[in-house]
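Structure file protein-v4.cif with mmCIF, C-alpha atoms and all ligand atoms:
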```
data_model
loop_
_atom_site.label_atom_id
_atom_site.label_comp_id
_atom_site.auth_asym_id
_atom_site.auth_seq_id
_atom_site.Cartn_x
_atom_site.Cartn_y
_atom_site.Cartn_z
CA MET A 1 -92.87 -10.65 -18.57
CA THR A 2 -93.02 -13.95 -20.41
CA ILE A 3 -92.58 -12.85 -24.02
CA MET A 4 -89.39 -11.74 -25.76
CA LYS A 5 -88.19 -10.72 -29.22
CA ALA A 6 -86.11 -13.13 -31.30
CA ALA A 7 -84.64 -13.11 -34.83
CA ARG A 8 -85.97 -16.26 -36.46
CA LEU A 9 -84.99 -18.09 -39.62
CA HIS A 10 -87.86 -19.70 -41.52
CA VAL A 11 -86.47 -20.18 -45.02
CA PRO A 12 -82.75 -19.84 -45.85
CA GLY A 13 -82.24 -17.00 -48.33
CA GLU A 14 -85.21 -15.06 -47.02
CA PRO A 15 -84.91 -12.30 -44.39
CA LEU A 16 -85.04 -13.26 -40.74
CA THR A 17 -88.22 -12.20 -39.00
CA ILE A 18 -88.39 -10.50 -35.61
CA GLU A 19 -90.97 -12.40 -33.60
CA SER A 20 -92.44 -12.49 -30.13
CA VAL A 21 -91.76 -15.86 -28.55
CA PRO A 22 -91.88 -17.20 -24.97
CA ILE A 23 -88.87 -16.43 -22.75
CA PRO A 24 -87.14 -19.77 -22.11
CA GLN A 25 -87.50 -21.20 -18.63
CA PRO A 26 -84.43 -22.96 -17.19
CA GLU A 27 -84.27 -26.73 -16.88
CA PRO A 28 -82.70 -27.77 -13.54
CA HIS A 29 -79.15 -27.70 -15.02
CA GLU A 30 -79.67 -24.56 -17.09
CA VAL A 31 -79.12 -20.83 -16.79
CA VAL A 32 -81.20 -18.30 -18.70
CA VAL A 33 -79.07 -15.40 -19.90
CA GLN A 34 -80.32 -11.96 -20.86
CA VAL A 35 -78.33 -11.33 -24.04
CA GLU A 36 -76.46 -8.01 -24.26
CA ALA A 37 -74.36 -8.77 -27.31
CA CYS A 38 -74.39 -11.39 -30.03
CA GLY A 39 -71.68 -11.39 -32.70
CA LEU A 40 -72.41 -12.39 -36.27
CA CYS A 41 -70.25 -14.94 -37.99
CA GLY A 42 -69.61 -16.31 -41.47
CA THR A 43 -71.53 -19.38 -40.35
CA ASP A 44 -74.65 -17.24 -39.98
CA ILE A 45 -74.33 -16.30 -43.65
CA HIS A 46 -74.07 -19.97 -44.61
CA LEU A 47 -77.17 -20.71 -42.52
CA ALA A 48 -79.38 -17.74 -43.28
CA VAL A 49 -78.31 -16.31 -46.63
CA ASP A 50 -76.62 -19.05 -48.68
CA GLY A 51 -78.45 -21.97 -47.08
CA ASP A 52 -75.47 -24.26 -47.72
CA ILE A 53 -75.22 -25.32 -44.06
CA PRO A 54 -78.58 -26.74 -42.99
CA VAL A 55 -80.25 -25.89 -39.70
CA GLN A 56 -81.75 -28.84 -37.88
CA HIS A 57 -85.26 -27.39 -37.73
CA THR A 58 -87.15 -24.29 -38.76
CA PRO A 59 -88.12 -21.84 -37.57
CA ILE A 60 -85.03 -21.38 -35.43
CA THR A 61 -83.54 -18.42 -33.55
CA LEU A 62 -80.03 -17.77 -34.91
CA GLY A 63 -76.96 -16.63 -32.97
CA HIS A 64 -74.06 -18.49 -31.36
CA GLU A 65 -71.60 -15.81 -30.18
CA ALA A 66 -73.13 -14.24 -27.10
CA ALA A 67 -72.62 -12.58 -23.75
CA GLY A 68 -75.00 -11.13 -21.20
CA THR A 69 -76.29 -11.31 -17.66
CA VAL A 70 -77.79 -14.24 -15.77
CA ALA A 71 -81.56 -13.71 -15.54
CA SER A 72 -82.56 -16.95 -13.81
CA VAL A 73 -81.04 -20.30 -12.85
CA GLY A 74 -82.36 -23.85 -12.68
CA ASP A 75 -82.85 -25.65 -9.36
CA SER A 76 -79.56 -27.57 -9.44
CA VAL A 77 -77.33 -24.68 -10.55
CA THR A 78 -75.03 -23.50 -7.78
CA GLU A 79 -72.14 -21.81 -9.60
CA PHE A 80 -74.07 -18.83 -11.02
CA SER A 81 -76.69 -16.46 -9.72
CA THR A 82 -78.87 -13.69 -11.09
CA GLY A 83 -76.89 -10.69 -12.26
CA ASP A 84 -73.63 -12.53 -13.01
CA ARG A 85 -72.02 -11.53 -16.30
CA VAL A 86 -71.41 -14.59 -18.48
CA ALA A 87 -70.53 -15.61 -22.01
CA LEU A 88 -71.93 -18.67 -23.73
CA PHE A 89 -69.79 -21.40 -25.23
CA PRO A 90 -71.08 -21.44 -28.87
CA SER A 91 -72.74 -24.81 -28.44
CA ALA A 92 -74.61 -26.48 -25.62
CA THR A 93 -72.09 -29.17 -24.68
CA CYS A 94 -73.04 -32.32 -22.77
CA GLY A 95 -70.44 -31.92 -20.04
CA ARG A 96 -69.97 -35.68 -19.67
CA CYS A 97 -68.66 -37.26 -22.92
CA ARG A 98 -65.00 -38.29 -23.09
CA PHE A 99 -64.07 -35.05 -24.87
CA CYS A 100 -65.92 -32.78 -22.44
CA MET A 101 -64.35 -34.68 -19.54
CA ALA A 102 -60.91 -34.05 -21.03
CA GLY A 103 -61.56 -30.33 -21.57
CA HIS A 104 -61.86 -30.70 -25.36
CA GLU A 105 -65.32 -29.22 -25.69
CA SER A 106 -64.60 -28.48 -29.36
CA LEU A 107 -65.11 -32.20 -29.98
CA CYS A 108 -68.12 -32.80 -27.67
CA GLU A 109 -69.99 -35.79 -29.08
CA ASN A 110 -73.39 -34.35 -28.16
CA ALA A 111 -72.83 -30.65 -28.82
CA ARG A 112 -75.84 -28.70 -30.04
CA VAL A 113 -74.76 -25.45 -31.69
CA TYR A 114 -76.98 -22.48 -30.89
CA GLY A 115 -78.79 -21.17 -33.92
CA MET A 116 -78.22 -24.42 -35.78
CA ALA A 117 -79.40 -27.31 -33.60
CA GLN A 118 -81.34 -25.29 -31.04
CA ASP A 119 -82.56 -21.73 -30.52
CA GLY A 120 -79.69 -19.28 -30.27
CA SER A 121 -78.86 -15.90 -28.85
CA LEU A 122 -80.20 -13.42 -31.41
CA ALA A 123 -82.94 -13.03 -28.85
CA GLN A 124 -83.43 -11.16 -25.63
CA TYR A 125 -82.92 -14.36 -23.62
CA VAL A 126 -81.28 -17.74 -24.22
CA ALA A 127 -81.07 -20.89 -22.10
CA ALA A 128 -77.73 -22.70 -21.70
CA PRO A 129 -76.35 -25.55 -19.57
CA SER A 130 -74.52 -24.05 -16.60
CA TRP A 131 -71.23 -25.85 -17.37
CA SER A 132 -70.97 -24.20 -20.77
CA LEU A 133 -70.97 -20.64 -19.39
CA ILE A 134 -67.82 -18.61 -18.81
CA PRO A 135 -67.72 -15.73 -16.28
CA ILE A 136 -66.69 -12.39 -17.81
CA PRO A 137 -64.09 -10.25 -15.99
CA GLU A 138 -65.48 -6.90 -14.91
CA SER A 139 -63.25 -4.88 -17.25
CA VAL A 140 -64.23 -6.79 -20.40
CA PRO A 141 -67.27 -5.26 -22.19
CA SER A 142 -70.04 -7.64 -23.21
CA GLU A 143 -69.56 -7.03 -26.94
CA ILE A 144 -65.87 -7.95 -26.67
CA ALA A 145 -66.71 -11.00 -24.56
CA ALA A 146 -69.26 -12.07 -27.18
CA ILE A 147 -66.88 -11.95 -30.13
CA ILE A 148 -64.17 -13.71 -28.13
CA THR A 149 -66.38 -16.80 -27.77
CA ASP A 150 -65.98 -17.64 -31.46
CA GLY A 151 -64.40 -14.92 -33.61
CA VAL A 152 -61.25 -14.73 -31.47
CA SER A 153 -61.17 -18.14 -29.76
CA THR A 154 -61.38 -20.08 -33.04
CA PRO A 155 -58.09 -18.69 -34.41
CA PHE A 156 -56.56 -18.89 -30.90
CA HIS A 157 -57.39 -22.61 -30.74
CA ALA A 158 -55.92 -23.09 -34.21
CA LEU A 159 -52.69 -21.26 -33.33
CA ARG A 160 -52.16 -22.61 -29.83
CA SER A 161 -53.78 -26.04 -29.45
CA ARG A 162 -53.63 -27.30 -33.03
CA GLY A 163 -50.78 -25.26 -34.53
CA ARG A 164 -48.60 -25.29 -31.42
CA LEU A 165 -47.07 -21.96 -32.37
CA SER A 166 -43.75 -21.30 -30.63
CA ALA A 167 -42.27 -17.84 -30.16
CA GLY A 168 -40.06 -16.91 -33.07
CA GLU A 169 -41.80 -19.12 -35.63
CA SER A 170 -43.10 -17.67 -38.88
CA VAL A 171 -46.81 -17.78 -39.67
CA ALA A 172 -48.89 -17.40 -42.84
CA VAL A 173 -52.59 -16.53 -42.57
CA VAL A 174 -54.64 -17.40 -45.64
CA GLY A 175 -57.90 -15.42 -45.64
CA CYS A 176 -57.96 -12.25 -43.51
CA GLY A 177 -61.63 -11.74 -42.72
CA GLY A 178 -62.82 -11.78 -39.10
CA LEU A 179 -61.04 -14.96 -38.03
CA GLY A 180 -57.90 -14.33 -40.08
CA THR A 181 -57.56 -10.76 -38.82
CA HIS A 182 -57.67 -12.03 -35.26
CA ALA A 183 -55.18 -14.77 -36.17
CA VAL A 184 -52.70 -12.08 -37.24
CA MET A 185 -53.19 -10.19 -33.96
CA LEU A 186 -52.92 -13.33 -31.86
CA ALA A 187 -49.84 -14.60 -33.71
CA ARG A 188 -48.21 -11.26 -33.00
CA MET A 189 -49.19 -11.46 -29.33
CA MET A 190 -47.85 -15.03 -29.11
CA GLY A 191 -44.45 -13.99 -30.41
CA ALA A 192 -44.51 -15.07 -34.03
CA GLY A 193 -41.27 -14.03 -35.69
CA PHE A 194 -42.68 -13.14 -39.10
CA ILE A 195 -46.33 -12.95 -40.19
CA VAL A 196 -47.58 -13.12 -43.78
CA ALA A 197 -51.19 -12.14 -44.53
CA ILE A 198 -52.70 -13.54 -47.73
CA ASP A 199 -56.00 -12.14 -49.04
CA THR A 200 -57.38 -10.94 -52.36
CA GLN A 201 -59.02 -7.86 -50.75
CA GLU A 202 -56.81 -4.80 -50.44
CA GLN A 203 -58.57 -3.51 -47.32
CA ALA A 204 -58.09 -6.84 -45.59
CA ARG A 205 -54.38 -6.83 -46.44
CA ASP A 206 -53.95 -3.23 -45.25
CA ARG A 207 -55.75 -4.01 -41.99
CA ALA A 208 -53.55 -7.07 -41.43
CA LEU A 209 -50.42 -4.96 -41.96
CA GLU A 210 -51.69 -2.41 -39.43
CA LEU A 211 -52.46 -5.12 -36.87
CA GLY A 212 -49.17 -6.97 -36.99
CA ALA A 213 -48.46 -8.65 -40.34
CA ASP A 214 -44.98 -8.06 -41.79
CA LEU A 215 -45.93 -8.85 -45.37
CA ALA A 216 -49.24 -8.98 -47.23
CA ILE A 217 -49.77 -10.82 -50.49
CA ASP A 218 -52.61 -10.71 -53.00
CA PRO A 219 -52.77 -14.26 -54.41
CA ALA A 220 -54.69 -12.97 -57.45
CA ALA A 221 -51.80 -10.70 -58.42
CA GLU A 222 -49.03 -13.00 -57.17
CA PRO A 223 -50.21 -16.57 -57.81
CA ARG A 224 -46.89 -18.14 -56.84
CA VAL A 225 -47.35 -17.19 -53.19
CA GLY A 226 -44.91 -19.76 -51.81
CA LYS A 227 -42.11 -18.72 -54.13
CA TYR A 228 -42.73 -15.05 -53.30
CA ILE A 229 -42.50 -15.76 -49.56
CA ARG A 230 -39.27 -17.73 -50.02
CA GLN A 231 -37.78 -14.84 -51.95
CA ARG A 232 -38.69 -12.37 -49.22
CA LEU A 233 -38.09 -14.52 -46.13
CA GLY A 234 -35.32 -16.77 -47.40
CA ARG A 235 -37.45 -19.82 -46.64
CA GLY A 236 -41.07 -20.90 -46.19
CA VAL A 237 -43.15 -20.49 -43.02
CA ASP A 238 -43.35 -22.82 -40.03
CA LEU A 239 -47.11 -22.63 -39.64
CA ALA A 240 -49.86 -21.72 -42.12
CA LEU A 241 -53.50 -21.22 -41.09
CA GLU A 242 -56.26 -21.52 -43.67
CA PHE A 243 -59.56 -19.69 -42.97
CA VAL A 244 -61.34 -19.91 -46.33
CA GLY A 245 -62.31 -23.56 -46.69
CA ARG A 246 -61.53 -24.04 -50.38
CA ALA A 247 -59.17 -26.44 -52.14
CA GLU A 248 -57.22 -23.59 -53.78
CA THR A 249 -56.59 -21.81 -50.50
CA VAL A 250 -55.47 -25.02 -48.79
CA ASP A 251 -53.04 -25.44 -51.71
CA ILE A 252 -51.75 -21.92 -51.12
CA ALA A 253 -51.26 -22.70 -47.42
CA VAL A 254 -49.29 -25.89 -48.20
CA ASN A 255 -47.17 -24.03 -50.74
CA THR A 256 -46.08 -21.46 -48.15
CA LEU A 257 -44.48 -24.11 -45.90
CA ASP A 258 -40.85 -24.51 -44.99
CA THR A 259 -39.46 -28.03 -44.58
CA GLY A 260 -41.08 -29.44 -41.43
CA GLY A 261 -43.93 -26.93 -41.63
CA ARG A 262 -47.56 -27.52 -40.77
CA VAL A 263 -50.90 -26.35 -42.12
CA ILE A 264 -53.94 -25.96 -39.89
CA VAL A 265 -57.21 -25.78 -41.83
CA VAL A 266 -59.98 -23.84 -40.08
CA GLY A 267 -62.16 -23.03 -43.10
CA VAL A 268 -65.06 -25.45 -43.44
CA GLY A 269 -66.68 -26.49 -46.70
CA ALA A 270 -67.52 -29.36 -48.97
CA ALA A 271 -64.24 -29.10 -50.89
CA ARG A 272 -62.04 -32.17 -51.17
CA VAL A 273 -58.38 -31.24 -50.76
CA GLN A 274 -55.37 -32.98 -52.26
CA LEU A 275 -52.12 -33.73 -50.54
CA PRO A 276 -49.00 -32.60 -52.39
CA PRO A 277 -46.96 -35.27 -54.20
CA LEU A 278 -45.76 -37.63 -51.46
CA VAL A 279 -42.17 -37.12 -52.47
CA SER A 280 -42.41 -33.59 -51.08
CA PHE A 281 -45.15 -34.11 -48.47
CA VAL A 282 -43.31 -37.03 -46.85
CA GLY A 283 -39.80 -36.01 -47.77
CA ARG A 284 -40.21 -32.55 -46.23
CA GLU A 285 -42.28 -33.80 -43.27
CA HIS A 286 -45.25 -31.54 -43.84
CA SER A 287 -48.40 -31.83 -41.73
CA VAL A 288 -51.98 -30.87 -42.57
CA ALA A 289 -54.58 -30.92 -39.78
CA GLY A 290 -58.03 -29.54 -39.06
CA SER A 291 -59.04 -27.23 -36.22
CA PHE A 292 -62.67 -26.94 -35.21
CA GLY A 293 -63.96 -24.19 -32.94
CA MET A 294 -62.46 -23.84 -29.50
CA ASP A 295 -62.32 -25.29 -26.02
CA LYS A 296 -63.74 -23.49 -23.01
CA ARG A 297 -60.20 -22.95 -21.79
CA ASP A 298 -59.43 -20.90 -24.91
CA ILE A 299 -62.24 -18.46 -24.08
CA GLU A 300 -61.23 -18.25 -20.40
CA ASP A 301 -57.62 -17.52 -21.30
CA LEU A 302 -58.59 -14.86 -23.85
CA PHE A 303 -60.79 -13.14 -21.25
CA ALA A 304 -57.76 -13.02 -18.95
CA LEU A 305 -55.50 -11.71 -21.73
CA VAL A 306 -57.92 -8.89 -22.54
CA ALA A 307 -58.55 -8.08 -18.86
CA GLY A 308 -54.80 -8.02 -18.26
CA GLY A 309 -54.17 -5.60 -21.09
CA ARG A 310 -52.19 -8.11 -23.18
CA LEU A 311 -54.68 -8.19 -26.04
CA ASN A 312 -56.60 -5.18 -27.35
CA LEU A 313 -59.73 -5.97 -29.36
CA ASP A 314 -61.05 -2.40 -29.54
CA ARG A 315 -60.85 -2.42 -33.33
CA SER A 316 -62.67 -5.72 -33.71
CA VAL A 317 -66.26 -4.49 -33.51
CA SER A 318 -66.94 -2.91 -36.91
CA GLY A 319 -70.63 -2.20 -36.42
CA ARG A 320 -73.40 -2.35 -33.84
CA TYR A 321 -77.04 -3.17 -34.56
CA ALA A 322 -80.35 -3.44 -32.75
CA LEU A 323 -82.27 -6.68 -33.27
CA ALA A 324 -84.48 -4.95 -35.84
CA GLY A 325 -81.34 -4.27 -37.90
CA ILE A 326 -80.37 -7.92 -38.18
CA ASN A 327 -81.07 -8.24 -41.90
CA ASP A 328 -79.02 -5.11 -42.66
CA ALA A 329 -76.17 -6.57 -40.63
CA LEU A 330 -76.36 -9.94 -42.41
CA ALA A 331 -76.43 -8.19 -45.80
CA ARG A 332 -73.35 -6.15 -44.88
CA LEU A 333 -71.52 -9.28 -43.76
CA ALA A 334 -72.57 -11.25 -46.83
CA SER A 335 -71.42 -8.47 -49.15
CA LYS A 336 -67.84 -9.24 -48.08
CA ASP A 337 -67.50 -5.65 -46.97
CA THR A 338 -63.86 -5.84 -45.96
CA ASP A 339 -64.23 -3.07 -43.39
CA VAL A 340 -65.89 -5.72 -41.26
CA VAL A 341 -64.02 -7.69 -38.64
CA ARG A 342 -67.06 -8.46 -36.52
CA LEU A 343 -70.61 -7.09 -36.33
CA VAL A 344 -72.46 -7.20 -33.04
CA VAL A 345 -76.19 -7.17 -32.34
CA ASN A 346 -77.69 -6.03 -29.04
CA PRO A 347 -81.02 -7.90 -28.85
CA GLY A 348 -82.11 -5.68 -25.97
CA LEU A 349 -82.36 -2.67 -28.28
ZN ZN B 401 -69.35 -18.72 -35.61
ZN ZN B 402 -69.64 -33.61 -24.47
#
```
Just dump the structure as structure tokens.
Ligand SMILES: [Zn+2]
Ligand SMILES: [Zn+2]
Amino acid sequence: MTIMKAARLHVPGEPLTIESVPIPQPEPHEVVVQVEACGLCGTDIHLAVDGDIPVQHTPITLGHEAAGTVASVGDSVTEFSTGDRVALFPSATCGRCRFCMAGHESLCENARVYGMAQDGSLAQYVAAPSWSLIPIPESVPSEIAAIITDGVSTPFHALRSRGRLSAGESVAVVGCGGLGTHAVMLARMMGAGFIVAIDTQEQARDRALELGADLAIDPAAEPRVGKYIRQRLGRGVDLALEFVGRAETVDIAVNTLDTGGRVIVVGVGAARVQLPPLVSFVGREHSVAGSFGMDKRDIEDLFALVAGGRLNLDRSVSGRYALAGINDALARLASKDTDVVRLVVNPGL
């Protein structure tokens, strides 16, 4: 068999088309993976529906959150063989820049994101450099492994590597969609002392409360979020994560902070954000920093946490689709259906 099915983007805003394309053949350093699960992400909506993040060429196969089984390996690949279960790092990293060498693959200078810079994993097969694959423990299902590679590892990276959350610290999560919901769960797992979930959608707030938040706030009904938190908690939070990517929500995150607190911005967008007046920003030693994606280590550690029973992601997959259902899945995600944590496509179906 040399032909496979792939979900291809031709024109942003128009439905993806399911097409027959050649199965990729591995370069010497590559592994070709038979995809069993590919999660959908807010980024896919930006690429395919809104068109406000450009793809580097069209047509392109979307998908950057995948797990499956090794189908074939290139001549110089020794660490994997046919049949191994693997997850893909969401971009093809170079493996040799100063960031890759230091284990900071999130900052790889030559990274090519699947489904954006090169063909992705909403297809029956995808080719990836061997060093960007992560073995999946036997007890972790492929759909859980897939969503870990981005939907869970992105908030984990923000909490652990960038936010440096310590046990007992208080955390605010601004925006409780897929990433924010996982941030609440992870903060709980990591020993956060008090967790505040902030979202305008009631279902998202209720879900956050069920999964570990101590307090949920609707910023539309309670615009003075920071004051409200200080009334309830006696002070602001130590760490606020922002998952929306808008100036107003970064403002909310900054306003939740205690003296010495820090904001980690994960939401991406074109918005320009303002620092607070320096008299408070400097005088109260606030920090604002970005967090982009994840390192390979984050994915490996999450696999171990799930395999070891420390982290349960059973509620994270909100819907399963065959490849032919991709446009329904994208429409459901784009509708801001707040039942959705993550949707997963099985391109083999
Ligand atoms: Zn993503
Ligand atoms: Zn690199």
Legend entry - Protein and nucleic acid residues within 8 Å of ligand ZN 401 (chain B) (all atoms listed in the file) as number ranges by chain: A: 40-44, 64-65, 90, 150-151
Inset, instruction - Let me have all residues with an atom within 6 Å of ligand ZN 402 (chain B), counting all atoms listed in the file, laid out as a VMD selection string. - result: chain A and resid 93 to 97 99 to 100 108 to 110
Sorted per-residue table, region 116-180 of chain A near region 250-260 of chain A, closest atoms and distance, 8 Å, only C-alpha atoms, as JSON lines:
```
{"residue": "A:Ala172", "atom": "CA", "partner": "A:Thr256", "partner_atom": "CA", "distance": 7.3}
{"residue": "A:Val173", "atom": "CA", "partner": "A:Ala253", "partner_atom": "CA", "distance": 8.0}
{"residue": "A:Val174", "atom": "CA", "partner": "A:Ala253", "partner_atom": "CA", "distance": 6.5}
```
Legend entry - Residue nearest Ser316 (chain A) among A:Gly163, A:Pro277, A:Gly267, A:Gly39 (counting only C-alpha atoms): A:Gly39
Legend entry - Residue with smallest distance to Pro347 (chain A) - pool A:Pro54, A:Gly13, A:Gly63, A:Gly309, counting only C-alpha atoms: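 Of all the options, A:Gly63 lies closest to Pro347 (chain A).
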Please write region 262-311 of chain A of the preceding block to a file containing C-alpha atoms, as a CSV table (one decimal), in the first residue's frame?
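File written: out-v2.csv
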```csv
chain,number,residue,atom,x,y,z
A,262,ARG,CA,4.3,36.1,38.8
A,263,VAL,CA,2.2,35.9,35.7
A,264,ILE,CA,2.9,33.3,33.0
A,265,VAL,CA,1.3,34.1,29.6
A,266,VAL,CA,0.5,31.0,27.5
A,267,GLY,CA,-2.2,32.5,25.2
A,268,VAL,CA,-0.8,33.6,21.9
A,269,GLY,CA,-2.2,36.5,19.8
A,270,ALA,CA,-1.4,39.8,18.2
A,271,ALA,CA,-2.4,41.8,21.3
A,272,ARG,CA,0.0,44.2,22.8
A,273,VAL,CA,-0.1,44.1,26.6
A,274,GLN,CA,0.7,46.9,29.0
A,275,LEU,CA,2.7,46.6,32.2
A,276,PRO,CA,1.0,48.0,35.3
A,277,PRO,CA,2.2,51.4,36.6
A,278,LEU,CA,5.8,50.8,37.6
A,279,VAL,CA,5.2,52.0,41.1
A,280,SER,CA,3.2,48.8,41.7
A,281,PHE,CA,4.9,46.5,39.1
A,282,VAL,CA,8.4,47.3,40.5
A,283,GLY,CA,7.4,48.1,44.0
A,284,ARG,CA,5.6,44.8,44.5
A,285,GLU,CA,8.2,42.8,42.5
A,286,HIS,CA,5.8,41.4,40.0
A,287,SER,CA,7.0,39.3,37.0
A,288,VAL,CA,5.3,38.7,33.7
A,289,ALA,CA,6.8,36.0,31.4
A,290,GLY,CA,5.8,34.0,28.3
A,291,SER,CA,5.6,30.2,28.1
A,292,PHE,CA,5.7,28.5,24.7
A,293,GLY,CA,4.8,24.9,24.2
A,294,MET,CA,6.8,22.2,26.0
A,295,ASP,CA,10.0,20.4,26.2
A,296,LYS,CA,10.3,16.7,25.4
A,297,ARG,CA,11.0,16.1,29.1
A,298,ASP,CA,7.6,17.5,30.0
A,299,ILE,CA,5.9,14.9,27.8
A,300,GLU,CA,8.1,12.1,29.2
A,301,ASP,CA,7.3,13.0,32.8
A,302,LEU,CA,3.6,13.3,32.1
A,303,PHE,CA,3.6,9.8,30.6
A,304,ALA,CA,5.2,8.5,33.7
A,305,LEU,CA,2.7,10.4,36.0
A,306,VAL,CA,-0.2,8.8,34.1
A,307,ALA,CA,1.3,5.4,34.0
A,308,GLY,CA,2.1,5.6,37.7
A,309,GLY,CA,-1.5,6.5,38.5
A,310,ARG,CA,-0.6,10.0,39.8
A,311,LEU,CA,-2.6,11.8,37.1
```
